[in-house]
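File shown: upload05.cif. Contents: mmCIF, C-alpha atoms, pLDDT in the B column; chains and numbers go by the auth columns.
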data_start
#
loop_
_atom_site.group_PDB
_atom_site.id
_atom_site.type_symbol
_atom_site.label_atom_id
_atom_site.label_comp_id
_atom_site.label_asym_id
_atom_site.label_seq_id
_atom_site.Cartn_x
_atom_site.Cartn_y
_atom_site.Cartn_z
_atom_site.B_iso_or_equiv
_atom_site.auth_seq_id
_atom_site.auth_asym_id
ATOM 1 C CA MET A 1 -0.500 -18.584 65.520 50.00 1 A
ATOM 2 C CA GLY A 2 -2.918 -17.299 68.137 57.00 2 A
ATOM 3 C CA ILE A 3 -0.435 -14.669 69.317 59.00 3 A
ATOM 4 C CA LEU A 4 -0.103 -13.211 65.817 52.00 4 A
ATOM 5 C CA LYS A 5 -3.873 -12.867 65.528 56.00 5 A
ATOM 6 C CA GLU A 6 -3.986 -11.029 68.843 59.00 6 A
ATOM 7 C CA ILE A 7 -1.209 -8.639 67.740 55.00 7 A
ATOM 8 C CA PHE A 8 -2.979 -8.043 64.467 51.00 8 A
ATOM 9 C CA ARG A 9 -6.284 -7.286 66.238 59.00 9 A
ATOM 10 C CA ALA A 10 -4.510 -4.897 68.603 54.00 10 A
ATOM 11 C CA LEU A 11 -2.906 -3.053 65.693 49.00 11 A
ATOM 12 C CA ILE A 12 -6.263 -2.739 63.975 53.00 12 A
ATOM 13 C CA ALA A 13 -7.882 -1.455 67.141 53.00 13 A
ATOM 14 C CA SER A 14 -5.198 1.165 67.573 54.00 14 A
ATOM 15 C CA LYS A 15 -5.602 2.107 63.891 53.00 15 A
ATOM 16 C CA VAL A 16 -1.914 1.520 63.151 49.00 16 A
ATOM 17 C CA ILE A 17 -2.809 -0.646 60.178 46.00 17 A
ATOM 18 C CA SER A 18 -4.784 1.056 57.438 50.00 18 A
ATOM 19 C CA LYS A 19 -7.995 -0.377 56.024 50.00 19 A
ATOM 20 C CA ARG A 20 -6.158 -1.374 52.844 48.00 20 A
ATOM 21 C CA GLN A 21 -3.481 -3.276 54.745 50.00 21 A
ATOM 22 C CA GLN A 22 -6.204 -4.816 56.891 48.00 22 A
ATOM 23 C CA ASN A 23 -8.020 -6.114 53.812 49.00 23 A
ATOM 24 C CA ARG A 24 -4.795 -7.444 52.401 46.00 24 A
ATOM 25 C CA CYS A 25 -4.019 -9.280 55.652 46.00 25 A
ATOM 26 C CA THR A 26 -7.472 -10.633 56.424 47.00 26 A
ATOM 27 C CA ASN A 27 -8.781 -11.453 52.936 45.00 27 A
ATOM 28 C CA THR A 28 -7.584 -14.769 51.705 45.00 28 A
ATOM 29 C CA PRO A 29 -7.296 -15.057 47.957 48.00 29 A
ATOM 30 C CA LYS A 30 -10.253 -16.729 46.334 56.00 30 A
ATOM 31 C CA GLN A 31 -9.411 -20.212 45.236 66.00 31 A
ATOM 32 C CA GLU A 32 -10.592 -20.579 41.679 66.00 32 A
ATOM 33 C CA THR A 33 -11.755 -23.905 40.441 76.00 33 A
ATOM 34 C CA LEU A 34 -9.957 -25.706 37.679 71.00 34 A
ATOM 35 C CA ALA A 35 -12.817 -24.902 35.285 72.00 35 A
ATOM 36 C CA GLU A 36 -12.657 -21.184 36.183 70.00 36 A
ATOM 37 C CA ARG A 37 -8.901 -21.158 35.699 64.00 37 A
ATOM 38 C CA GLU A 38 -9.180 -22.914 32.329 61.00 38 A
ATOM 39 C CA GLU A 39 -11.885 -20.467 31.216 65.00 39 A
ATOM 40 C CA ARG A 40 -9.761 -17.461 32.296 61.00 40 A
ATOM 41 C CA GLU A 41 -6.716 -18.822 30.471 55.00 41 A
ATOM 42 C CA LYS A 42 -8.833 -19.639 27.399 56.00 42 A
ATOM 43 C CA LYS A 43 -10.132 -16.051 27.265 61.00 43 A
ATOM 44 C CA ALA A 44 -6.620 -14.635 27.610 56.00 44 A
ATOM 45 C CA LEU A 45 -5.302 -16.981 24.947 52.00 45 A
ATOM 46 C CA SER A 46 -8.276 -16.275 22.693 67.00 46 A
ATOM 47 C CA GLY A 47 -7.639 -12.534 22.991 71.00 47 A
ATOM 48 C CA ASN A 48 -3.962 -12.999 22.150 77.00 48 A
ATOM 49 C CA ILE A 49 -4.741 -15.256 19.211 79.00 49 A
ATOM 50 C CA ARG A 50 -7.322 -12.799 17.911 79.00 50 A
ATOM 51 C CA LYS A 51 -4.882 -9.864 18.193 84.00 51 A
ATOM 52 C CA HIS A 52 -2.189 -11.844 16.408 84.00 52 A
ATOM 53 C CA ALA A 53 -4.654 -12.936 13.725 84.00 53 A
ATOM 54 C CA GLN A 54 -5.763 -9.328 13.179 88.00 54 A
ATOM 55 C CA PHE A 55 -2.164 -8.181 12.792 91.00 55 A
ATOM 56 C CA GLN A 56 -1.320 -11.078 10.495 93.00 56 A
ATOM 57 C CA SER A 57 -4.453 -10.516 8.399 92.00 57 A
ATOM 58 C CA GLN A 58 -3.574 -6.841 7.887 95.00 58 A
ATOM 59 C CA GLN A 59 -0.174 -7.840 6.520 97.00 59 A
ATOM 60 C CA LEU A 60 -1.666 -10.528 4.284 96.00 60 A
ATOM 61 C CA ILE A 61 -4.359 -8.170 2.966 96.00 61 A
ATOM 62 C CA LYS A 62 -1.682 -5.619 2.109 97.00 62 A
ATOM 63 C CA ILE A 63 0.193 -8.277 0.094 97.00 63 A
ATOM 64 C CA VAL A 64 -3.012 -9.394 -1.654 97.00 64 A
ATOM 65 C CA LYS A 65 -3.846 -5.801 -2.652 97.00 65 A
ATOM 66 C CA ASP A 66 -0.312 -5.234 -3.927 98.00 66 A
ATOM 67 C CA CYS A 67 -0.480 -8.455 -5.954 97.00 67 A
ATOM 68 C CA ALA A 68 -3.897 -7.541 -7.374 97.00 68 A
ATOM 69 C CA GLU A 69 -2.570 -4.162 -8.496 98.00 69 A
ATOM 70 C CA LEU A 70 0.405 -5.765 -10.240 98.00 70 A
ATOM 71 C CA VAL A 71 -1.652 -8.569 -11.796 98.00 71 A
ATOM 72 C CA ASN A 72 -4.024 -6.005 -13.287 97.00 72 A
ATOM 73 C CA THR A 73 -1.332 -3.683 -14.678 98.00 73 A
ATOM 74 C CA THR A 74 1.835 -5.612 -15.505 98.00 74 A
ATOM 75 C CA THR A 75 2.896 -6.632 -18.977 97.00 75 A
ATOM 76 C CA ASN A 76 5.699 -8.863 -17.686 97.00 76 A
ATOM 77 C CA PRO A 77 4.713 -12.557 -17.720 97.00 77 A
ATOM 78 C CA GLU A 78 7.045 -13.490 -14.843 97.00 78 A
ATOM 79 C CA VAL A 79 5.494 -10.802 -12.632 98.00 79 A
ATOM 80 C CA PHE A 80 1.947 -11.711 -13.674 98.00 80 A
ATOM 81 C CA PHE A 81 2.133 -15.438 -12.951 98.00 81 A
ATOM 82 C CA THR A 82 4.237 -15.246 -9.770 98.00 82 A
ATOM 83 C CA ARG A 83 2.080 -12.495 -8.297 98.00 83 A
ATOM 84 C CA TYR A 84 -1.152 -14.281 -9.192 98.00 84 A
ATOM 85 C CA ASN A 85 0.097 -17.385 -7.400 97.00 85 A
ATOM 86 C CA LEU A 86 1.318 -15.331 -4.431 98.00 86 A
ATOM 87 C CA MET A 87 -2.091 -13.629 -4.220 98.00 87 A
ATOM 88 C CA LEU A 88 -3.834 -17.027 -4.075 97.00 88 A
ATOM 89 C CA GLU A 89 -1.363 -18.315 -1.458 97.00 89 A
ATOM 90 C CA ARG A 90 -1.925 -15.304 0.807 97.00 90 A
ATOM 91 C CA LEU A 91 -5.692 -15.552 0.364 96.00 91 A
ATOM 92 C CA GLU A 92 -5.434 -19.189 1.383 96.00 92 A
ATOM 93 C CA GLU A 93 -3.641 -18.082 4.563 95.00 93 A
ATOM 94 C CA LEU A 94 -6.445 -15.584 5.196 94.00 94 A
ATOM 95 C CA VAL A 95 -8.971 -18.401 4.767 93.00 95 A
ATOM 96 C CA GLY A 96 -7.157 -20.205 7.587 90.00 96 A
ATOM 97 C CA LEU A 97 -7.716 -17.161 9.826 89.00 97 A
ATOM 98 C CA GLU A 98 -11.496 -17.141 9.261 88.00 98 A
ATOM 99 C CA CYS A 99 -11.995 -19.427 12.264 84.00 99 A
ATOM 100 C CA THR A 100 -10.774 -16.648 14.592 81.00 100 A
ATOM 101 C CA GLY A 101 -13.870 -14.594 13.756 84.00 101 A
ATOM 102 C CA ILE A 102 -11.921 -11.502 12.705 86.00 102 A
ATOM 103 C CA PHE A 103 -13.750 -11.373 9.367 86.00 103 A
ATOM 104 C CA ASP A 104 -17.270 -11.625 10.813 84.00 104 A
ATOM 105 C CA ASN A 105 -18.071 -8.001 9.853 86.00 105 A
ATOM 106 C CA SER A 106 -16.211 -8.029 6.537 89.00 106 A
ATOM 107 C CA PRO A 107 -18.149 -7.500 3.314 92.00 107 A
ATOM 108 C CA GLU A 108 -16.459 -10.554 1.772 93.00 108 A
ATOM 109 C CA LEU A 109 -14.908 -13.547 3.498 93.00 109 A
ATOM 110 C CA PRO A 110 -11.420 -14.607 2.362 95.00 110 A
ATOM 111 C CA SER A 111 -12.809 -17.985 1.265 94.00 111 A
ATOM 112 C CA THR A 112 -15.261 -16.214 -1.055 95.00 112 A
ATOM 113 C CA ALA A 113 -12.533 -13.927 -2.402 96.00 113 A
ATOM 114 C CA PHE A 114 -10.262 -16.927 -2.937 96.00 114 A
ATOM 115 C CA GLN A 115 -12.925 -18.747 -4.971 97.00 115 A
ATOM 116 C CA ARG A 116 -13.733 -15.627 -6.990 97.00 116 A
ATOM 117 C CA ILE A 117 -10.091 -14.892 -7.838 97.00 117 A
ATOM 118 C CA GLU A 118 -9.337 -18.519 -8.600 96.00 118 A
ATOM 119 C CA ASN A 119 -12.340 -18.626 -10.962 96.00 119 A
ATOM 120 C CA GLN A 120 -11.202 -15.430 -12.705 97.00 120 A
ATOM 121 C CA PHE A 121 -7.771 -16.802 -13.593 97.00 121 A
ATOM 122 C CA ASP A 122 -8.551 -17.321 -17.280 97.00 122 A
ATOM 123 C CA ALA A 123 -10.127 -13.878 -17.670 97.00 123 A
ATOM 124 C CA ALA A 124 -7.210 -12.231 -15.855 98.00 124 A
ATOM 125 C CA THR A 125 -4.716 -14.154 -17.983 98.00 125 A
ATOM 126 C CA ASN A 126 -6.506 -13.159 -21.182 97.00 126 A
ATOM 127 C CA ASP A 127 -6.493 -9.507 -20.088 98.00 127 A
ATOM 128 C CA PHE A 128 -2.779 -9.813 -19.357 98.00 128 A
ATOM 129 C CA LEU A 129 -2.127 -11.356 -22.785 98.00 129 A
ATOM 130 C CA ASP A 130 -4.039 -8.546 -24.519 97.00 130 A
ATOM 131 C CA ARG A 131 -2.252 -5.879 -22.470 98.00 131 A
ATOM 132 C CA SER A 132 1.205 -7.311 -23.033 97.00 132 A
ATOM 133 C CA PHE A 133 0.594 -7.874 -26.755 97.00 133 A
ATOM 134 C CA GLU A 134 -0.565 -4.280 -27.182 97.00 134 A
ATOM 135 C CA LYS A 135 2.646 -3.125 -25.522 97.00 135 A
ATOM 136 C CA ALA A 136 4.727 -5.374 -27.796 96.00 136 A
ATOM 137 C CA LYS A 137 2.922 -3.991 -30.882 95.00 137 A
ATOM 138 C CA ALA A 138 3.454 -0.411 -29.690 96.00 138 A
ATOM 139 C CA HIS A 139 7.141 -1.137 -29.198 96.00 139 A
ATOM 140 C CA ALA A 140 7.378 -2.794 -32.635 94.00 140 A
ATOM 141 C CA LYS A 141 5.860 0.305 -34.291 95.00 141 A
ATOM 142 C CA THR A 142 8.717 2.416 -32.962 95.00 142 A
ATOM 143 C CA LEU A 143 11.235 0.313 -34.880 94.00 143 A
ATOM 144 C CA LYS A 144 12.390 1.594 -38.264 93.00 144 A
ATOM 145 C CA THR A 145 12.437 -1.533 -40.395 95.00 145 A
ATOM 146 C CA GLU A 146 9.680 -3.978 -41.158 92.00 146 A
ATOM 147 C CA SER A 147 11.946 -6.912 -40.308 92.00 147 A
ATOM 148 C CA GLY A 148 12.758 -5.290 -36.939 93.00 148 A
ATOM 149 C CA GLN A 149 9.046 -4.928 -36.255 92.00 149 A
ATOM 150 C CA LYS A 150 8.372 -8.572 -37.165 92.00 150 A
ATOM 151 C CA ASN A 151 11.297 -9.737 -35.040 94.00 151 A
ATOM 152 C CA ALA A 152 10.023 -7.763 -32.029 94.00 152 A
ATOM 153 C CA ILE A 153 6.625 -9.471 -32.234 94.00 153 A
ATOM 154 C CA LYS A 154 8.275 -12.842 -32.820 94.00 154 A
ATOM 155 C CA ARG A 155 10.368 -12.298 -29.665 96.00 155 A
ATOM 156 C CA TYR A 156 7.156 -11.480 -27.782 96.00 156 A
ATOM 157 C CA PHE A 157 5.522 -14.763 -28.823 96.00 157 A
ATOM 158 C CA ASP A 158 8.723 -16.747 -28.215 95.00 158 A
ATOM 159 C CA ASN A 159 9.057 -15.261 -24.740 96.00 159 A
ATOM 160 C CA MET A 160 5.398 -15.904 -23.951 96.00 160 A
ATOM 161 C CA GLU A 161 5.753 -19.550 -25.042 95.00 161 A
ATOM 162 C CA LYS A 162 7.843 -20.113 -21.878 95.00 162 A
ATOM 163 C CA TYR A 163 4.776 -19.353 -19.765 96.00 163 A
ATOM 164 C CA ILE A 164 2.154 -21.500 -21.470 95.00 164 A
ATOM 165 C CA ILE A 165 2.650 -24.120 -18.737 96.00 165 A
ATOM 166 C CA HIS A 166 0.964 -21.644 -16.362 96.00 166 A
ATOM 167 C CA MET A 167 -2.064 -21.116 -18.607 96.00 167 A
ATOM 168 C CA ASN A 168 -5.348 -23.001 -18.626 95.00 168 A
ATOM 169 C CA SER A 169 -6.950 -24.222 -21.856 95.00 169 A
ATOM 170 C CA GLU A 170 -9.059 -21.063 -22.331 96.00 170 A
ATOM 171 C CA SER A 171 -6.012 -18.816 -22.084 96.00 171 A
ATOM 172 C CA LEU A 172 -3.992 -21.106 -24.352 96.00 172 A
ATOM 173 C CA GLU A 173 -6.723 -20.826 -26.985 97.00 173 A
ATOM 174 C CA HIS A 174 -6.703 -17.048 -26.605 96.00 174 A
ATOM 175 C CA PHE A 175 -2.921 -16.962 -26.989 96.00 175 A
ATOM 176 C CA ASP A 176 -3.011 -19.219 -30.062 95.00 176 A
ATOM 177 C CA LYS A 177 -5.715 -17.052 -31.677 95.00 177 A
ATOM 178 C CA MET A 178 -3.651 -13.916 -31.037 94.00 178 A
ATOM 179 C CA LYS A 179 -0.600 -15.532 -32.584 93.00 179 A
ATOM 180 C CA GLU A 180 -2.547 -16.916 -35.562 92.00 180 A
ATOM 181 C CA THR A 181 -4.283 -13.581 -36.196 89.00 181 A
ATOM 182 C CA TYR A 182 -0.982 -11.729 -36.115 85.00 182 A
ATOM 183 C CA LEU A 183 0.747 -14.230 -38.419 80.00 183 A
ATOM 184 C CA LYS A 184 -2.134 -14.060 -40.940 78.00 184 A
ATOM 185 C CA GLY A 185 -1.880 -10.262 -40.959 70.00 185 A
ATOM 186 C CA THR A 186 1.855 -10.224 -41.641 66.00 186 A
ATOM 187 C CA ASN A 187 1.876 -12.690 -44.514 53.00 187 A
#

The structure given in the file should be rewritten as structure tokens.
Amino acid sequence: MGILKEIFRALIASKVISKRQQNRCTNTPKQETLAEREEREKKALSGNIRKHAQFQSQQLIKIVKDCAELVNTTTNPEVFFTRYNLMLERLEELVGLECTGIFDNSPELPSTAFQRIENQFDAATNDFLDRSFEKAKAHAKTLKTESGQKNAIKRYFDNMEKYIIHMNSESLEHFDKMKETYLKGTN
């Protein structure tokens, strides 16, 4: 080993080895402690997790916005109830990502949005019922006969009956009042 050191020193003295090569040959890599290594790996992992969480959250937010748009405009009960549930499921996934800190600067945390949207279910359902009933009445008015008009509204109520299992008590009351009011007006 001593001979190699002497050759190396001679090469340095004769400037055959550049400064960069010299540093590479003489500098031994710093031995990091286990704690330093764990901290370095934790930071790298944390950065990767955060990047993945940001990407995932963007996709989930896009789905939530799409669902919100459909929930607020559709007159189809299947679309309304499936999209409302999907919106809550995706918000729940976003709540799980809160621990990554990616929502620290957001105006509203996903957990807050989840609670708000969950609490607005009855109001959203009532709005949907009003919207869909108005569409059914508009369609019925285009029909030529009175019996055709009555049958169109009856089909609306019969179809909506399939979805009462998805409604809470407030929305069920609203639906029953709509139906009762319509039936009183036609008799």

>> Assuming the chain letters and numbering stay as they are in my file, what does the PyMOL selection byres ((chain A and resi 80-86) around 8) actually select? List them as a PyMOL selection string.
In response: chain A and resi 64+67-68+70-71+74-79+87-90+128+166

>> Between CA of Asp127 (chain A) and CA of Leu94 (chain A), what is the distance in Å, rounded to a tenth?
In response: 26.0 Å

> Where does the PyMOL selection byres ((chain A and resi 153) around 12) land in this file, that is, which residues does it pick, as a PyMOL selection string?
Replying inline: chain A and resi 132-141+143+146-152+154-160+178-179+182-183+186

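Interatomic distance, CA of Leu60 (chain A) against CA of Ala123 (chain A): 23.8 Å.
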
> Nearest to Gly47 (chain A) among A:Gly101, A:Gly96, A:Pro110, A:Gly185, with distances taken over only C-alpha atoms: which residue is it?
Replying inline: A:Gly101

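Computed from the coordinates, the CA of Ser111 (chain A) to CA of Val95 (chain A) distance equals 5.2 Å.
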
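Closest approach to Ile49 (chain A) among A:Met167, A:Lys144, A:Lys184, A:Cys99: A:Cys99, based on all atoms listed in the file.
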
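Distance annotation: of A:Ile164, A:Leu172, A:Ala124, A:Ile102, the residue with the minimal separation from Glu69 (chain A) is A:Ala124; atom set is only C-alpha atoms.
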
>> I need the residue nearest Phe103 (chain A) from this list: A:Gln54, A:Asn126, A:Gln120, A:Ser171. Use all atoms listed in the file for the distance.
In response: A:Gln54

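Candidate residues A:Asn72, A:Asn48, A:Gln58, A:Thr125 were compared for distance to Thr100 (chain A), and the nearest is A:Asn48, using all atoms listed in the file.
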
Step by step, gather every atom of region 95-109 of chain A that the file lists, find the box along x, y and z that holds them, add 5 Å on each side, and finally give centre and edge lengths in Å to one decimal, as lines of an AutoDock Vina configuration file.
center_x = -12.7
center_y = -13.9
center_z = 8.2
size_x = 21.0
size_y = 22.7
size_z = 22.8

Incomplete region 123-134 of chain A filled out to all heavy atoms as a PDB file, in the coordinates of the input:
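Result file rebuild_27.pdb:
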ATOM      1  N   ALA A 123      -9.808 -15.243 -17.243  1.00 97.00           N
ATOM      2  CA  ALA A 123     -10.127 -13.878 -17.670  1.00 97.00           C
ATOM      3  C   ALA A 123      -8.959 -12.937 -17.380  1.00 97.00           C
ATOM      4  O   ALA A 123      -8.608 -12.099 -18.227  1.00 97.00           O
ATOM      5  CB  ALA A 123     -11.397 -13.388 -16.973  1.00 97.00           C
ATOM      6  N   ALA A 124      -8.356 -13.078 -16.208  1.00 98.00           N
ATOM      7  CA  ALA A 124      -7.210 -12.231 -15.855  1.00 98.00           C
ATOM      8  C   ALA A 124      -6.026 -12.519 -16.773  1.00 98.00           C
ATOM      9  O   ALA A 124      -5.321 -11.597 -17.202  1.00 98.00           O
ATOM     10  CB  ALA A 124      -6.829 -12.451 -14.397  1.00 98.00           C
ATOM     11  N   THR A 125      -5.816 -13.781 -17.088  1.00 98.00           N
ATOM     12  CA  THR A 125      -4.716 -14.154 -17.983  1.00 98.00           C
ATOM     13  C   THR A 125      -4.957 -13.607 -19.386  1.00 98.00           C
ATOM     14  O   THR A 125      -4.036 -13.080 -20.023  1.00 98.00           O
ATOM     15  CB  THR A 125      -4.532 -15.688 -18.017  1.00 98.00           C
ATOM     16  OG1 THR A 125      -4.325 -16.154 -16.684  1.00 98.00           O
ATOM     17  CG2 THR A 125      -3.336 -16.083 -18.867  1.00 98.00           C
ATOM     18  N   ASN A 126      -6.180 -13.699 -19.860  1.00 97.00           N
ATOM     19  CA  ASN A 126      -6.506 -13.159 -21.182  1.00 97.00           C
ATOM     20  C   ASN A 126      -6.312 -11.647 -21.229  1.00 97.00           C
ATOM     21  O   ASN A 126      -5.792 -11.106 -22.213  1.00 97.00           O
ATOM     22  CB  ASN A 126      -7.927 -13.534 -21.590  1.00 97.00           C
ATOM     23  CG  ASN A 126      -8.084 -15.016 -21.850  1.00 97.00           C
ATOM     24  OD1 ASN A 126      -7.107 -15.749 -21.974  1.00 97.00           O
ATOM     25  ND2 ASN A 126      -9.320 -15.465 -21.913  1.00 97.00           N
ATOM     26  N   ASP A 127      -6.723 -10.956 -20.168  1.00 98.00           N
ATOM     27  CA  ASP A 127      -6.493  -9.507 -20.088  1.00 98.00           C
ATOM     28  C   ASP A 127      -5.000  -9.197 -20.112  1.00 98.00           C
ATOM     29  O   ASP A 127      -4.562  -8.259 -20.776  1.00 98.00           O
ATOM     30  CB  ASP A 127      -7.119  -8.919 -18.823  1.00 98.00           C
ATOM     31  CG  ASP A 127      -8.630  -8.872 -18.874  1.00 98.00           C
ATOM     32  OD1 ASP A 127      -9.212  -9.036 -19.972  1.00 98.00           O
ATOM     33  OD2 ASP A 127      -9.247  -8.677 -17.799  1.00 98.00           O
ATOM     34  N   PHE A 128      -4.235  -9.991 -19.371  1.00 98.00           N
ATOM     35  CA  PHE A 128      -2.779  -9.813 -19.357  1.00 98.00           C
ATOM     36  C   PHE A 128      -2.202 -10.022 -20.760  1.00 98.00           C
ATOM     37  O   PHE A 128      -1.367  -9.236 -21.221  1.00 98.00           O
ATOM     38  CB  PHE A 128      -2.121 -10.773 -18.370  1.00 98.00           C
ATOM     39  CG  PHE A 128      -0.664 -10.988 -18.651  1.00 98.00           C
ATOM     40  CD1 PHE A 128       0.256  -9.985 -18.377  1.00 98.00           C
ATOM     41  CD2 PHE A 128      -0.224 -12.159 -19.232  1.00 98.00           C
ATOM     42  CE1 PHE A 128       1.593 -10.158 -18.671  1.00 98.00           C
ATOM     43  CE2 PHE A 128       1.115 -12.343 -19.532  1.00 98.00           C
ATOM     44  CZ  PHE A 128       2.031 -11.340 -19.254  1.00 98.00           C
ATOM     45  N   LEU A 129      -2.633 -11.082 -21.439  1.00 98.00           N
ATOM     46  CA  LEU A 129      -2.127 -11.356 -22.785  1.00 98.00           C
ATOM     47  C   LEU A 129      -2.445 -10.199 -23.731  1.00 98.00           C
ATOM     48  O   LEU A 129      -1.575  -9.761 -24.508  1.00 98.00           O
ATOM     49  CB  LEU A 129      -2.720 -12.664 -23.321  1.00 98.00           C
ATOM     50  CG  LEU A 129      -2.209 -13.946 -22.661  1.00 98.00           C
ATOM     51  CD1 LEU A 129      -3.048 -15.145 -23.103  1.00 98.00           C
ATOM     52  CD2 LEU A 129      -0.738 -14.172 -22.966  1.00 98.00           C
ATOM     53  N   ASP A 130      -3.660  -9.689 -23.670  1.00 97.00           N
ATOM     54  CA  ASP A 130      -4.039  -8.546 -24.519  1.00 97.00           C
ATOM     55  C   ASP A 130      -3.184  -7.324 -24.206  1.00 97.00           C
ATOM     56  O   ASP A 130      -2.677  -6.650 -25.109  1.00 97.00           O
ATOM     57  CB  ASP A 130      -5.523  -8.210 -24.332  1.00 97.00           C
ATOM     58  CG  ASP A 130      -6.453  -9.293 -24.857  1.00 97.00           C
ATOM     59  OD1 ASP A 130      -6.013 -10.130 -25.679  1.00 97.00           O
ATOM     60  OD2 ASP A 130      -7.626  -9.311 -24.412  1.00 97.00           O
ATOM     61  N   ARG A 131      -3.029  -7.045 -22.920  1.00 98.00           N
ATOM     62  CA  ARG A 131      -2.252  -5.879 -22.470  1.00 98.00           C
ATOM     63  C   ARG A 131      -0.788  -5.989 -22.911  1.00 98.00           C
ATOM     64  O   ARG A 131      -0.208  -5.044 -23.439  1.00 98.00           O
ATOM     65  CB  ARG A 131      -2.378  -5.792 -20.947  1.00 98.00           C
ATOM     66  CG  ARG A 131      -1.967  -4.547 -20.324  1.00 98.00           C
ATOM     67  CD  ARG A 131      -2.334  -4.476 -18.827  1.00 98.00           C
ATOM     68  NE  ARG A 131      -1.903  -5.616 -18.039  1.00 98.00           N
ATOM     69  CZ  ARG A 131      -2.727  -6.488 -17.447  1.00 98.00           C
ATOM     70  NH1 ARG A 131      -4.024  -6.352 -17.563  1.00 98.00           N
ATOM     71  NH2 ARG A 131      -2.257  -7.490 -16.739  1.00 98.00           N
ATOM     72  N   SER A 132      -0.210  -7.146 -22.693  1.00 97.00           N
ATOM     73  CA  SER A 132       1.205  -7.311 -23.033  1.00 97.00           C
ATOM     74  C   SER A 132       1.416  -7.316 -24.548  1.00 97.00           C
ATOM     75  O   SER A 132       2.423  -6.798 -25.044  1.00 97.00           O
ATOM     76  CB  SER A 132       1.760  -8.594 -22.405  1.00 97.00           C
ATOM     77  OG  SER A 132       1.093  -9.737 -22.889  1.00 97.00           O
ATOM     78  N   PHE A 133       0.456  -7.871 -25.300  1.00 97.00           N
ATOM     79  CA  PHE A 133       0.594  -7.874 -26.755  1.00 97.00           C
ATOM     80  C   PHE A 133       0.471  -6.460 -27.314  1.00 97.00           C
ATOM     81  O   PHE A 133       1.198  -6.075 -28.241  1.00 97.00           O
ATOM     82  CB  PHE A 133      -0.442  -8.815 -27.377  1.00 97.00           C
ATOM     83  CG  PHE A 133      -0.270  -9.004 -28.854  1.00 97.00           C
ATOM     84  CD1 PHE A 133       0.946  -9.405 -29.392  1.00 97.00           C
ATOM     85  CD2 PHE A 133      -1.326  -8.792 -29.724  1.00 97.00           C
ATOM     86  CE1 PHE A 133       1.111  -9.581 -30.759  1.00 97.00           C
ATOM     87  CE2 PHE A 133      -1.173  -8.964 -31.092  1.00 97.00           C
ATOM     88  CZ  PHE A 133       0.050  -9.360 -31.610  1.00 97.00           C
ATOM     89  N   GLU A 134      -0.431  -5.683 -26.748  1.00 97.00           N
ATOM     90  CA  GLU A 134      -0.565  -4.280 -27.182  1.00 97.00           C
ATOM     91  C   GLU A 134       0.734  -3.517 -26.928  1.00 97.00           C
ATOM     92  O   GLU A 134       1.156  -2.708 -27.762  1.00 97.00           O
ATOM     93  CB  GLU A 134      -1.737  -3.587 -26.471  1.00 97.00           C
ATOM     94  CG  GLU A 134      -3.098  -4.038 -26.953  1.00 97.00           C
ATOM     95  CD  GLU A 134      -3.303  -3.822 -28.446  1.00 97.00           C
ATOM     96  OE1 GLU A 134      -2.944  -2.728 -28.974  1.00 97.00           O
ATOM     97  OE2 GLU A 134      -3.808  -4.750 -29.111  1.00 97.00           O
TER      98      GLU A 134
END
